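Visitor: Attaching a single structure in structure tokens format; questions to follow.
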2 protein chains.
Amino acid sequence: MVLEDFALRIGHRFNDPELLRRALTHRSHGAANNERLEFLGDSVVNCAVALELYRRFPQLTEGELSRLRANLVNQPSLAAVAQRFAFGDQLSLGEGEVRSGGAQRPSILADSVEAVVGAVFLDAGFDAACRTVRVLLGEAIDTIDPRTSGKDPKTSLQEHLQARKIALPQYAVVSTRGEAHEQVFQVECVIPQLGIRTLGEGSSRRTAEQEAARQAYELANRD
Amino acid sequence: MVLEDFALRIGHRFNDPELLRRALTHRSHGAANNERLEFLGDSVVNCAVALELYRRFPQLTEGELSRLRANLVNQPSLAAVAQRFAFGDQLSLGEGEVRSGGAQRPSILADSVEAVVGAVFLDAGFDAACRTVRVLLGEAIDTIDPRTSGKDPKTSLQEHLQARKIALPQYAVVSTRGEAHEQVFQVECVIPQLGIRTLGEGSSRRTAEQEAARQAYELANRD
């Protein structure tokens, strides 16, 4: 696919096609690469998705919106977007990266998505960048389920168990280690009726509980 | 100051003044509060500052731009902006927060700056929000020095003292308060040779040290 067709596929006709070319140039290829555009694009993607979620889900709290966005904007999800739109075919990489399969590496792919959004932003402004974000992430945004992905794991687990009339999980701190300002907590989550026992670690009791709950929720959903 | 004058001071005439009122309403005041606007505004501030830095510093790398932005957009700096523009006088707080001095609390002030930018964004779009960000943060952006502010305060302070052949600062935790998951650390930074003693607060020992170092660095530069 020529670059111009690729541009149309992501929903933007560039006034300055050089911007797009740079957005698709990895640092291994040379000094005129996409790293600064990625810095810019990262913030544009986050802002565009924040706006989209803010408007779509007027009932969700700030914390729920943050979690939804974190589920949409992360390296695996952006790399998947890049795969779907065949970013890899358009990337300029250094020889070493070409040989080692850089065009399929999730970090390179995800960064290029952000850089391309940054390029659209510079080329035509925020609204144009939002349109491209909707083209790229629209499917992911359309299929996101705020009932599960906006909730923290403990809440999801609790609701899942209540719906199945199963007794709620028990959490217990099984160990702590490290000095006061960098403690690591280990918390166990037990659901006797399902024979589930998981162990979460975190820098606070709360994050350790959430991690244990996340694992237990996955197991409970396999039942 | 009436709300309309406050709006003009931050560089925006609201089509929907209700948005501004909500942006200045803390959750302690009721359900119609600024938390969702803060979620949105946080991303707008980051994006607007990213764009500003991208344009101003064409020679800086992505990592340097990220550090510059982290120095501009953080709780202490946003709280300082809120102080300068007297956000505290405009805040609607619950009675408990009013009594305990919530209108001066850095977290509440910083959040309200983000929420107000989010309100401008919804009211009039991205460019209007950028104008307000420039009004609020312009002075900080104008005076940022990419040679030093790319570094964290402890590093800057250390290098400054080494260059002057002065003994390095001593840091000590002088108090902690609050429950485990929302502790506040107070750290003292002492430079005996310069007679400097500062006190930083933060949600971790590290952030408290950095805040104490930041103050000490300012004082050391006045010598």
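Numbering starts fresh at 1 for the residues of each chain in the structure tokens, the chains themselves are lettered A, B, ... in the order given, and ligands are numbered from 1 as they appear.
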As a list in words, please: the residues near B:Asn33 (cut-off 8 Å, only C-alpha atoms, same-chain neighbours under 4 positions excluded).
Guide: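 Counting only the stated atoms, we get Arg22, Ala23, Leu24, Thr25, His26, Arg27 and His29 of chain B.
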Visitor: Keeping only C-alpha atoms, write those residues as a compact mmCIF listing (two decimals), in the first residue's frame.
Guide:
# COMPACT_ATOMS: atom_id res chain seq x y z
CA ARG B 22 -19.08 22.49 38.74
CA ALA B 23 -15.33 22.54 38.07
CA LEU B 24 -14.93 24.47 41.32
CA THR B 25 -17.09 22.11 43.39
CA HIS B 26 -15.23 19.55 45.48
CA ARG B 27 -16.75 16.12 46.06
CA HIS B 29 -19.86 19.47 48.64
Visitor: Please report as a tab-separated table every residue of chain B lying within 10 Å of chain A, along with the nearest atom pair and their distance in Å (one decimal), using only C-alpha atoms.
Guide:
residue	atom	partner	partner_atom	distance
B:Asn34	CA	A:Glu62	CA	9.2
B:Glu35	CA	A:Glu62	CA	5.7
B:Arg36	CA	A:Glu62	CA	4.8
B:Leu37	CA	A:Glu62	CA	8.1
B:Glu38	CA	A:Glu62	CA	7.7
B:Phe39	CA	A:Glu62	CA	5.7
B:Leu40	CA	A:Ala50	CA	5.8
B:Gly41	CA	A:Cys47	CA	8.5
B:Asp42	CA	A:Cys47	CA	8.4
B:Ser43	CA	A:Cys47	CA	4.8
B:Val44	CA	A:Cys47	CA	5.8
B:Val45	CA	A:Cys47	CA	9.0
B:Asn46	CA	A:Ser43	CA	6.3
B:Cys47	CA	A:Ser43	CA	4.8
B:Ala48	CA	A:Ser43	CA	8.6
B:Val49	CA	A:Ser43	CA	9.3
B:Ala50	CA	A:Leu40	CA	5.8
B:Leu51	CA	A:Leu40	CA	6.4
B:Glu52	CA	A:Leu40	CA	9.8
B:Leu53	CA	A:Leu40	CA	9.3
B:Tyr54	CA	A:Leu40	CA	7.2
B:Arg55	CA	A:Leu122	CA	9.9
B:Pro58	CA	A:Arg36	CA	8.9
B:Gln59	CA	A:Arg36	CA	9.8
B:Leu60	CA	A:Arg36	CA	8.2
B:Thr61	CA	A:Arg36	CA	6.3
B:Glu62	CA	A:Arg36	CA	4.8
B:Gly63	CA	A:Phe39	CA	8.3
B:Glu64	CA	A:Arg36	CA	9.8
B:Leu65	CA	A:Phe39	CA	7.7
B:Ser66	CA	A:Phe39	CA	7.3
B:Gly118	CA	A:Leu51	CA	9.5
B:Phe121	CA	A:Leu51	CA	9.4
B:Leu122	CA	A:Leu51	CA	8.8
B:Gly125	CA	A:Phe126	CA	9.0
B:Phe126	CA	A:Phe126	CA	6.7
B:Asp127	CA	A:Phe126	CA	8.3
B:Ala180	CA	A:Ser204	CA	7.8
B:His181	CA	A:Ser204	CA	6.5
B:Glu182	CA	A:Ser204	CA	10.0
B:Gln183	CA	A:His181	CA	9.9
B:Phe185	CA	A:His181	CA	9.5
B:Ser203	CA	A:His181	CA	9.9
B:Ser204	CA	A:His181	CA	6.8
B:Arg205	CA	A:His181	CA	6.4
B:Arg206	CA	A:His181	CA	8.5
Visitor: Could those selected residues go to a file with C-alpha atoms, as a compact mmCIF listing (two decimals), in the first residue's frame?
Guide:
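As a result, out-v2.txt now contains:
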# COMPACT_ATOMS: atom_id res chain seq x y z
CA ASN B 34 -15.70 18.24 39.68
CA GLU B 35 -14.27 14.72 39.66
CA ARG B 36 -15.23 13.79 36.11
CA LEU B 37 -14.10 17.19 34.84
CA GLU B 38 -10.78 16.63 36.58
CA PHE B 39 -10.37 13.31 34.73
CA LEU B 40 -10.94 15.11 31.46
CA GLY B 41 -8.92 18.21 32.34
CA ASP B 42 -5.90 16.22 33.46
CA SER B 43 -5.51 14.86 29.93
CA VAL B 44 -6.15 18.27 28.35
CA VAL B 45 -3.49 19.96 30.50
CA ASN B 46 -0.99 17.23 29.63
CA CYS B 47 -1.78 17.51 25.94
CA ALA B 48 -1.68 21.32 25.85
CA VAL B 49 1.65 21.41 27.68
CA ALA B 50 3.04 18.67 25.44
CA LEU B 51 2.18 20.74 22.37
CA GLU B 52 3.68 23.89 23.87
CA LEU B 53 6.94 22.14 24.78
CA TYR B 54 7.10 20.30 21.44
CA ARG B 55 6.96 23.62 19.61
CA PRO B 58 12.63 21.45 18.75
CA GLN B 59 16.03 20.22 19.87
CA LEU B 60 14.88 18.21 22.88
CA THR B 61 14.37 14.46 22.88
CA GLU B 62 11.19 12.70 23.86
CA GLY B 63 12.67 11.86 27.29
CA GLU B 64 13.69 15.46 27.94
CA LEU B 65 10.25 16.71 26.91
CA SER B 66 8.62 14.19 29.26
CA GLY B 118 -11.65 20.43 31.49
CA PHE B 121 -12.44 22.34 26.94
CA LEU B 122 -16.09 21.19 27.06
CA GLY B 125 -12.96 23.22 22.55
CA PHE B 126 -9.30 22.37 22.58
CA ASP B 127 -7.89 25.70 21.42
CA ALA B 180 -1.41 3.33 55.60
CA HIS B 181 -2.95 3.89 52.18
CA GLU B 182 -2.95 7.69 52.36
CA GLN B 183 0.09 8.57 54.42
CA PHE B 185 5.43 12.12 54.78
CA SER B 203 2.50 10.88 49.68
CA SER B 204 5.79 8.98 49.70
CA ARG B 205 9.16 9.55 51.25
CA ARG B 206 10.59 10.07 47.78
Visitor: As number ranges by chain, please: every residue in stretch 32-194 of chain A that DSSP puts in alpha helix (DSSP H).
Guide: A: 35-56, 62-72, 75-84, 95-99, 106-124, 126-143, 146-149, 153-163
Visitor: Once chain A is best-fit onto chain B by all Cα atoms in order, what RMSD in Å is left?
Guide: 6.1 Å
Visitor: Taking only stretch 97-215 of chain B into account, list the residues labelled strand (DSSP E or B) by DSSP (computed from the backbone), as JSON, numbers by chain.
Guide: {"B": [170, 171, 172, 173, 174, 175, 176, 177, 184, 185, 186, 187, 188, 189, 190, 191, 196, 197, 198, 199, 200, 201, 202]}
Visitor: Write to file, as a short mmCIF file (atom, residue, chain, number, x, y, z; two decimals), in the first residue's frame, the residues of the selection just made, with C-alpha atoms.
Guide:
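Here's the written file part_21.cif:
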data_model
loop_
_atom_site.label_atom_id
_atom_site.label_comp_id
_atom_site.auth_asym_id
_atom_site.auth_seq_id
_atom_site.Cartn_x
_atom_site.Cartn_y
_atom_site.Cartn_z
CA GLN B 170 20.99 15.60 54.49
CA TYR B 171 17.44 14.30 54.24
CA ALA B 172 15.42 13.00 57.17
CA VAL B 173 11.81 11.98 57.65
CA VAL B 174 10.53 14.19 60.45
CA SER B 175 6.95 12.91 60.57
CA THR B 176 4.37 10.72 58.95
CA ARG B 177 0.64 10.94 59.43
CA VAL B 184 1.68 12.00 54.30
CA PHE B 185 5.43 12.12 54.78
CA GLN B 186 7.31 15.19 55.96
CA VAL B 187 10.96 15.26 55.01
CA GLU B 188 13.54 17.81 56.04
CA CYS B 189 16.42 18.82 53.78
CA VAL B 190 19.38 20.40 55.56
CA ILE B 191 22.44 22.07 54.02
CA ILE B 196 19.28 26.04 54.63
CA ARG B 197 16.56 23.91 56.17
CA THR B 198 13.42 23.12 54.19
CA LEU B 199 10.43 20.87 54.71
CA GLY B 200 8.72 18.90 51.96
CA GLU B 201 5.47 16.96 52.10
CA GLY B 202 4.36 14.15 49.88
#
Visitor: Considering only C-alpha atoms, return as number ranges by chain whatever protein or nucleic-acid residues lie within 12 Å of A:Ala167, sequence-local ones (same chain, fewer than 5 positions apart) excluded.
Guide: A: 157-162, 190-195
Visitor: How about saving the chosen residues, C-alpha atoms kept, as a tab-separated table (two decimals), in the first residue's frame?
Guide:
chain	number	residue	atom	x	y	z
A	157	LEU	CA	-15.59	-10.45	41.74
A	158	GLN	CA	-18.10	-9.57	44.44
A	159	GLU	CA	-20.85	-8.88	41.93
A	160	HIS	CA	-20.08	-12.06	40.04
A	161	LEU	CA	-20.33	-14.12	43.23
A	162	GLN	CA	-23.49	-12.40	44.42
A	190	VAL	CA	-10.15	-17.38	49.32
A	191	ILE	CA	-13.53	-18.51	47.93
A	192	PRO	CA	-14.16	-21.79	49.75
A	193	GLN	CA	-17.25	-22.80	47.74
A	194	LEU	CA	-15.28	-22.67	44.49
A	195	GLY	CA	-12.05	-24.06	45.91
Visitor: Tell me which protein, DNA and RNA residues are within 9 Å of stretch 95-111 of chain B, counting only C-alpha atoms, leaving out same-chain ones fewer than 2 positions away, and put them as a PyMOL selection string.
Guide: chain B and resi 26+28-29+34-35+38-39+41-42+74-83+87-93+113-116
Visitor: Atom CA of B:Glu211 and atom CA of B:Gly178 are how many Å apart?
Guide: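 Between these atoms lies a distance of 18.7 Å.
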